[in-house]
Amino acid sequence: MAENIYQSRFGAPREPNNRVNPGRGLVTVVNFVTVSDLRAVLFLAVCGLLMFLPGFFNIPPIDRDEARFAQATKQMVETGDFVDIRFQDEVRYKKPVGIYWLQAAAVETASSLGLPRAQVRIWLYRVPSLIGAIGAVLLTYWTALAFVTRRGAVLASLLLCSSVLLGVEARLAKTDAMLLLTVVAAMGALARVYLSWQRGEDPVHPPWAWPAIFWTAIAGGVLLKGPLILMFVVLTVGTLAIMDRSANWLWRLRPLWGVLWLLVLVLPWFIAIFWRAGDTFFSDSVGGDMLSKLANAQESHGAPPLTYFVLFWVTFWPGAPLAGMAAPAIWRARREPGVQFLLAWLIPSWIVFELVITKLPHYVLPLYPAIAILIAGALERRILSRSWVIRGAAWWFAIPAITSVIAVIAAINFTHQPVFLAWPFVAVSLIFGLFAWWLYDDYRAERSLLNAVASSLFLGMAFYGVIVPALTPLFPSVEIARVLRNVVCVRPKAAAAGYHEPSLVFMTGTSTLLTDGSRAADFLLQGSCRFALVESRSERAFAQRAEAIGLRYDVAARVEGYNYSQGKQVSIAVFRSEGTR
């Protein structure tokens with residue numbers, strides 16, 4: 001192309017402040033925040049809080065991964081052992097220790113401040129994910145400044161902030177939001193080093209800041225999810241080296257000092273876990289977890305190639321329609337240094353994920369900032385494809401409409417009422433989505449995007465803030481824990497038969513025994529203040545064993561619900577002992 005679409009803005013003079021035009025609607029918000037980086041950062045942080053806080057505190061623990069992570073952290077806090085990772089008596093060596101340390105820090109801080117029952121408040125374990133999500137949004141702004149103007153960087157950050165996938169991960173006590181933060185930090189530093197080389201800047205005294213950010217982010221990513229962060233970096237660097245027929249710019253990362261710093265940060269825990277468990281951690285995490293996903297559908301999460309491409313149009317909403325509109329121009333500009341770097345970040349890793357047998361939607365999340373920045377560059381130059389306008393922009397209205405229908409069906413099915421409090425938020429979301437669709441043209445794309453972002457905000461308020469917490473039958477562990485808290489005896493103990501979800505262990509206590517119906521009866525016989533949590537399919541075995549050992553019992557409560565992990569209705573009786581006959 002005759003003109004570079006993605007100019008490298010790092011180190012360039014600041015663009016003049018845009019005069020605010022009150023008649024331009026929501027787009028004036030972007031004009032306002034481009035006055036300074038500080039205002040942009042504050043604006044994006046507030047947007048992140050508005051996007052991610054609905055439902056953050058009142059959505060119960062989600063099975064199974066979130067509850068497993070939280071329970072393993074809870075056991076670290078209970079035992080004071082911050083090296084080993086366990087779920088009850090079983091080792092949990094799928095991921096390194098990083099996320100557990102961050103969650104434990106949040107819980108310990110809350111406990112020290114006097115928050116009652118801090119160890120069973122799931123939102124405390126989600127705090128690192130919230131910080132990671134907002135941090136990733138801010139780092140996307142910082143990274144985007146190497147490619148586009150400050151205005152474009154704000155738009156790119158809003159695209160990521162409002163995306164469906166990041167909204168989900170910000171509310172889950174898992175590794176992925178924090179991993180995203182480390183990846184964006186590493187790639188932002190890598191981009192600046194690469195683009196400085198492309199501009200021919202002095203290589204004799206390269207700055208220390210970029211290598212320091214890069215290697216520290218790599219260390220953080222390794223402690224969070226092992227070598228996965230290295231895949232993004234290696235594939236990006238390898239692709240650029242092939243395209244440029246040179247990788248001399250890597251010396252600007254000060255690799256000798258950087259690798260030493262990386263080892264200083266990550267080796268202590270890896271040595272400690274090796275001292276504790278030998279090579280069990282490495283065989284379980286690398287061989288049993290990571291490599292097995294390449295050839296097998298781990299935990300029934302297999303899917304064919306192009307699955308992520310199909311899911312993208314929902315998980316990156318509301319930015320996904322603009323991705324389709326921007327794709328032709330981006331491809332035409334693929335040999336420009338900025339576009340080349342972003343595509344090297346995006347395409348090779350995306351192909352790997354499509355080819356891997358095991359697929360989960362969040363795997364491609366670290367690639368979404370690259371897409372957001374590419375879209376922002378196309379938005380700035382108003383070069384979106386007209387052929388996508390009618391079909392693509394309609395997606396801004398279609399997603400809220402489809403979600404509303406699903407929410408109505410789910411609410412009626414599980415709560416037998418339509419959750420009226422959610423519908424004003426849904427209605428506002430539909431209105432903004434409709435405006436984004438109707439008002440779209442090449443010269444008002446930013447305004448349409450901001451309407452779509454507002455639609456995403458109100459949809460999140462309805463779905464996460466009102467509808468999901470109201471679906472109480474989906475969370476039987478919460479009701480079971482409430483029953484046990486209301487008993488008159490001190491420190492009740494429980495055994496669960498037939499219903500073994502991790503959320504139950506998290507809510508009712510680490511000592512909760514996961515067993516079968518027969519052994520649950522034996523457990524109930526062994527002392528007072530004991531309860532057997534028996535799912536209906538295990539009640540027959542429980543009753544037969546109780547008869548055989550002369551156990552008298554009655555039903556303290558019965559909890560009806562739906563086990564979404566297994567896709568079936570559950571009915572759980574809470575039995576308590578009345579002694580023996």
# chains A, B, ... in the order shown; residues from 1 in each chain; ligands from 1

$ select_by_dssp --residues "region 193-229 of chain A" --states "alpha helix (DSSP H)" --output "list in words"
Val193, Tyr194, Leu195, Ser196, Trp197, Gln198, Ala209, Trp210, Pro211, Ala212, Ile213, Phe214, Trp215, Thr216, Ala217, Ile218, Ala219, Gly220, Gly221, Val222, Leu223, Leu224, Lys225, Leu228 and Ile229 of chain A

$ write_last_selection --atoms "N, CA, C and O atoms" --output "CSV table (one decimal), in the first residue's frame"
chain,number,residue,atom,x,y,z
A,193,VAL,N,11.0,-3.3,20.8
A,193,VAL,CA,12.4,-3.7,20.4
A,193,VAL,C,12.4,-3.9,18.9
A,193,VAL,O,13.3,-3.4,18.2
A,194,TYR,N,11.5,-4.6,18.4
A,194,TYR,CA,11.4,-5.0,16.9
A,194,TYR,C,11.3,-3.7,16.1
A,194,TYR,O,12.0,-3.5,15.1
A,195,LEU,N,10.3,-2.8,16.5
A,195,LEU,CA,10.1,-1.6,15.7
A,195,LEU,C,11.2,-0.6,15.7
A,195,LEU,O,11.5,0.1,14.8
A,196,SER,N,11.9,-0.6,16.9
A,196,SER,CA,13.1,0.3,16.9
A,196,SER,C,14.2,-0.2,16.0
A,196,SER,O,14.9,0.6,15.4
A,197,TRP,N,14.3,-1.5,15.8
A,197,TRP,CA,15.2,-2.1,14.9
A,197,TRP,C,14.8,-1.8,13.4
A,197,TRP,O,15.6,-1.4,12.6
A,198,GLN,N,13.5,-1.9,13.2
A,198,GLN,CA,13.0,-1.6,11.9
A,198,GLN,C,13.3,-0.1,11.5
A,198,GLN,O,13.5,0.2,10.3
A,209,ALA,N,14.7,-0.8,29.9
A,209,ALA,CA,13.3,-0.9,30.4
A,209,ALA,C,12.6,-2.0,29.6
A,209,ALA,O,11.9,-2.9,30.2
A,210,TRP,N,12.8,-2.0,28.3
A,210,TRP,CA,12.0,-3.0,27.5
A,210,TRP,C,12.5,-4.5,27.8
A,210,TRP,O,11.6,-5.3,28.0
A,211,PRO,N,13.8,-4.8,27.8
A,211,PRO,CA,14.2,-6.1,28.2
A,211,PRO,C,13.7,-6.5,29.6
A,211,PRO,O,13.4,-7.6,29.9
A,212,ALA,N,13.8,-5.5,30.5
A,212,ALA,CA,13.4,-5.8,31.9
A,212,ALA,C,11.9,-6.2,32.0
A,212,ALA,O,11.5,-7.2,32.6
A,213,ILE,N,11.0,-5.5,31.2
A,213,ILE,CA,9.6,-5.8,31.2
A,213,ILE,C,9.4,-7.2,30.5
A,213,ILE,O,8.7,-8.0,31.0
A,214,PHE,N,10.1,-7.4,29.4
A,214,PHE,CA,10.0,-8.6,28.7
A,214,PHE,C,10.3,-9.9,29.5
A,214,PHE,O,9.5,-10.8,29.6
A,215,TRP,N,11.5,-9.9,30.1
A,215,TRP,CA,11.9,-11.1,30.8
A,215,TRP,C,11.2,-11.3,32.1
A,215,TRP,O,10.9,-12.4,32.5
A,216,THR,N,10.8,-10.2,32.8
A,216,THR,CA,9.9,-10.3,34.0
A,216,THR,C,8.6,-10.9,33.6
A,216,THR,O,8.0,-11.7,34.4
A,217,ALA,N,8.0,-10.4,32.5
A,217,ALA,CA,6.7,-11.0,32.1
A,217,ALA,C,6.8,-12.4,31.7
A,217,ALA,O,5.9,-13.2,32.0
A,218,ILE,N,7.9,-12.8,31.1
A,218,ILE,CA,8.1,-14.2,30.7
A,218,ILE,C,8.2,-15.1,32.0
A,218,ILE,O,7.5,-16.1,32.1
A,219,ALA,N,8.9,-14.6,33.0
A,219,ALA,CA,9.0,-15.3,34.3
A,219,ALA,C,7.6,-15.4,34.9
A,219,ALA,O,7.2,-16.5,35.4
A,220,GLY,N,6.8,-14.3,34.9
A,220,GLY,CA,5.5,-14.4,35.5
A,220,GLY,C,4.6,-15.4,34.7
A,220,GLY,O,3.9,-16.2,35.3
A,221,GLY,N,4.7,-15.4,33.4
A,221,GLY,CA,3.9,-16.4,32.6
A,221,GLY,C,4.3,-17.8,32.9
A,221,GLY,O,3.4,-18.7,32.9
A,222,VAL,N,5.6,-18.1,33.0
A,222,VAL,CA,6.1,-19.4,33.3
A,222,VAL,C,5.6,-19.9,34.7
A,222,VAL,O,5.1,-21.1,34.8
A,223,LEU,N,5.6,-19.0,35.7
A,223,LEU,CA,5.1,-19.4,37.0
A,223,LEU,C,3.5,-19.6,37.0
A,223,LEU,O,3.0,-20.2,37.9
A,224,LEU,N,2.9,-19.0,36.0
A,224,LEU,CA,1.4,-19.1,36.0
A,224,LEU,C,1.0,-20.3,35.2
A,224,LEU,O,0.1,-21.1,35.6
A,225,LYS,N,1.6,-20.6,34.1
A,225,LYS,CA,1.1,-21.6,33.2
A,225,LYS,C,2.2,-22.4,32.4
A,225,LYS,O,2.1,-22.8,31.3
A,228,LEU,N,3.9,-22.1,28.3
A,228,LEU,CA,2.9,-21.7,27.2
A,228,LEU,C,3.3,-20.3,26.7
A,228,LEU,O,3.2,-20.0,25.5
A,229,ILE,N,3.7,-19.4,27.6
A,229,ILE,CA,4.0,-18.0,27.2
A,229,ILE,C,5.2,-18.0,26.2
A,229,ILE,O,5.2,-17.2,25.3

$ residues_around --residues "Leu457 (chain A)" --least-positions-apart "2" --cutoff "9 Å" --atoms "only C-alpha atoms" --output "list in words"
Cys47, Leu50, Met51, Phe52, Ser162, Ser429, Ala452, Val453, Ala454, Ser455, Leu459, Gly460, Met461 and Ala462 of chain A

$ write_last_selection --atoms "N, CA, C and O atoms" --output "PDB file, in the first residue's frame"
ATOM      1  N   CYS A  47     -13.642   1.766  33.022  1.00  0.00           N
ATOM      2  CA  CYS A  47     -14.389   0.894  32.103  1.00  0.00           C
ATOM      3  C   CYS A  47     -14.222  -0.567  32.493  1.00  0.00           C
ATOM      4  O   CYS A  47     -15.184  -1.352  32.467  1.00  0.00           O
ATOM      5  N   LEU A  50     -16.394  -1.306  35.515  1.00  0.00           N
ATOM      6  CA  LEU A  50     -17.808  -1.369  35.131  1.00  0.00           C
ATOM      7  C   LEU A  50     -18.119  -2.651  34.375  1.00  0.00           C
ATOM      8  O   LEU A  50     -19.197  -3.247  34.538  1.00  0.00           O
ATOM      9  N   MET A  51     -17.190  -3.089  33.544  1.00  0.00           N
ATOM     10  CA  MET A  51     -17.413  -4.295  32.754  1.00  0.00           C
ATOM     11  C   MET A  51     -17.339  -5.562  33.597  1.00  0.00           C
ATOM     12  O   MET A  51     -18.113  -6.504  33.391  1.00  0.00           O
ATOM     13  N   PHE A  52     -16.386  -5.615  34.537  1.00  0.00           N
ATOM     14  CA  PHE A  52     -16.059  -6.881  35.190  1.00  0.00           C
ATOM     15  C   PHE A  52     -16.680  -7.070  36.569  1.00  0.00           C
ATOM     16  O   PHE A  52     -16.743  -8.204  37.050  1.00  0.00           O
ATOM     17  N   SER A 162     -14.259  -4.994  26.428  1.00  0.00           N
ATOM     18  CA  SER A 162     -15.678  -5.334  26.274  1.00  0.00           C
ATOM     19  C   SER A 162     -15.905  -6.720  25.707  1.00  0.00           C
ATOM     20  O   SER A 162     -17.062  -7.151  25.589  1.00  0.00           O
ATOM     21  N   SER A 429     -29.380  -2.696  26.545  1.00  0.00           N
ATOM     22  CA  SER A 429     -28.368  -3.340  25.709  1.00  0.00           C
ATOM     23  C   SER A 429     -28.849  -3.504  24.272  1.00  0.00           C
ATOM     24  O   SER A 429     -28.107  -3.241  23.313  1.00  0.00           O
ATOM     25  N   ALA A 452     -21.751  -0.207  20.654  1.00  0.00           N
ATOM     26  CA  ALA A 452     -21.653  -1.653  20.868  1.00  0.00           C
ATOM     27  C   ALA A 452     -20.989  -1.964  22.206  1.00  0.00           C
ATOM     28  O   ALA A 452     -21.385  -2.916  22.904  1.00  0.00           O
ATOM     29  N   VAL A 453     -19.990  -1.182  22.591  1.00  0.00           N
ATOM     30  CA  VAL A 453     -19.355  -1.357  23.899  1.00  0.00           C
ATOM     31  C   VAL A 453     -20.364  -1.103  25.013  1.00  0.00           C
ATOM     32  O   VAL A 453     -20.420  -1.847  26.008  1.00  0.00           O
ATOM     33  N   ALA A 454     -21.176  -0.054  24.868  1.00  0.00           N
ATOM     34  CA  ALA A 454     -22.229   0.208  25.856  1.00  0.00           C
ATOM     35  C   ALA A 454     -23.223  -0.945  25.905  1.00  0.00           C
ATOM     36  O   ALA A 454     -23.701  -1.327  26.984  1.00  0.00           O
ATOM     37  N   SER A 455     -23.544  -1.512  24.747  1.00  0.00           N
ATOM     38  CA  SER A 455     -24.429  -2.675  24.705  1.00  0.00           C
ATOM     39  C   SER A 455     -23.832  -3.836  25.485  1.00  0.00           C
ATOM     40  O   SER A 455     -24.521  -4.525  26.250  1.00  0.00           O
ATOM     41  N   LEU A 459     -25.423  -5.577  28.828  1.00  0.00           N
ATOM     42  CA  LEU A 459     -25.689  -7.014  28.724  1.00  0.00           C
ATOM     43  C   LEU A 459     -24.980  -7.755  29.851  1.00  0.00           C
ATOM     44  O   LEU A 459     -25.537  -8.695  30.441  1.00  0.00           O
ATOM     45  N   GLY A 460     -23.739  -7.350  30.161  1.00  0.00           N
ATOM     46  CA  GLY A 460     -23.021  -7.964  31.277  1.00  0.00           C
ATOM     47  C   GLY A 460     -23.707  -7.719  32.606  1.00  0.00           C
ATOM     48  O   GLY A 460     -23.765  -8.606  33.471  1.00  0.00           O
ATOM     49  N   MET A 461     -24.247  -6.511  32.796  1.00  0.00           N
ATOM     50  CA  MET A 461     -24.977  -6.216  34.031  1.00  0.00           C
ATOM     51  C   MET A 461     -26.182  -7.136  34.188  1.00  0.00           C
ATOM     52  O   MET A 461     -26.473  -7.629  35.280  1.00  0.00           O
ATOM     53  N   ALA A 462     -26.871  -7.374  33.079  1.00  0.00           N
ATOM     54  CA  ALA A 462     -28.054  -8.231  33.140  1.00  0.00           C
ATOM     55  C   ALA A 462     -27.674  -9.681  33.363  1.00  0.00           C
ATOM     56  O   ALA A 462     -28.229 -10.373  34.235  1.00  0.00           O
TER      57      ALA A 462
END

$ closest_residue --among "A:Ile62, A:Ala497, A:Ala329, A:Leu172" --to "Ser565 (chain A)" --atoms "only C-alpha atoms"
A:Ile62

$ residues_around --residues "Arg92 (chain A)" --least-positions-apart "2" --cutoff "10 Å" --atoms "only C-alpha atoms" --output "list in words"
Arg68, Phe69, Ala72, Asp84, Ile85, Arg86, Phe87, Gln88, Asp89, Glu90, Lys94, Lys95, Pro96, Phe281, Asp284 and Ser285 of chain A

$ closest_residue --among "A:Pro424, A:Gly48, A:Pro60, A:Pro369" --to "Ser477 (chain A)" --atoms "only C-alpha atoms"
A:Pro60

$ residues_around --residues "Met178 (chain A)" --least-positions-apart "3" --cutoff "8 Å" --atoms "only C-alpha atoms" --output "list of chain:residue names"
A:Ile99, A:Pro128, A:Ser129, A:Ile131, A:Gly132, A:Ala133, A:Ala136, A:Thr175, A:Leu181, A:Thr182, A:Leu224

$ closest_residue --among "A:Ala436, A:Val364, A:Val468, A:Leu384" --to "Ala422 (chain A)" --atoms "only C-alpha atoms"
A:Val468

$ residues_around --residues "Glu380 (chain A)" --least-positions-apart "6" --cutoff "9 Å" --atoms "only C-alpha atoms" --output "list of chain:residue names"
A:Ile5, A:Val148, A:Thr149, A:Arg151, A:Gly152, A:Glu446

$ atom_distance --atom1 "CA of Gly517 (chain A)" --atom2 "CA of Glu479 (chain A)"
20.4 Å

$ closest_residue --among "A:Ala189, A:Val233, A:Ala333, A:Val97" --to "Leu267 (chain A)" --atoms "only C-alpha atoms"
A:Val97

$ residues_around --residues "Met231 (chain A)" --least-positions-apart "5" --cutoff "10 Å" --atoms "only C-alpha atoms" --output "PyMOL selection string"
chain A and resi 236-237+348-349+352
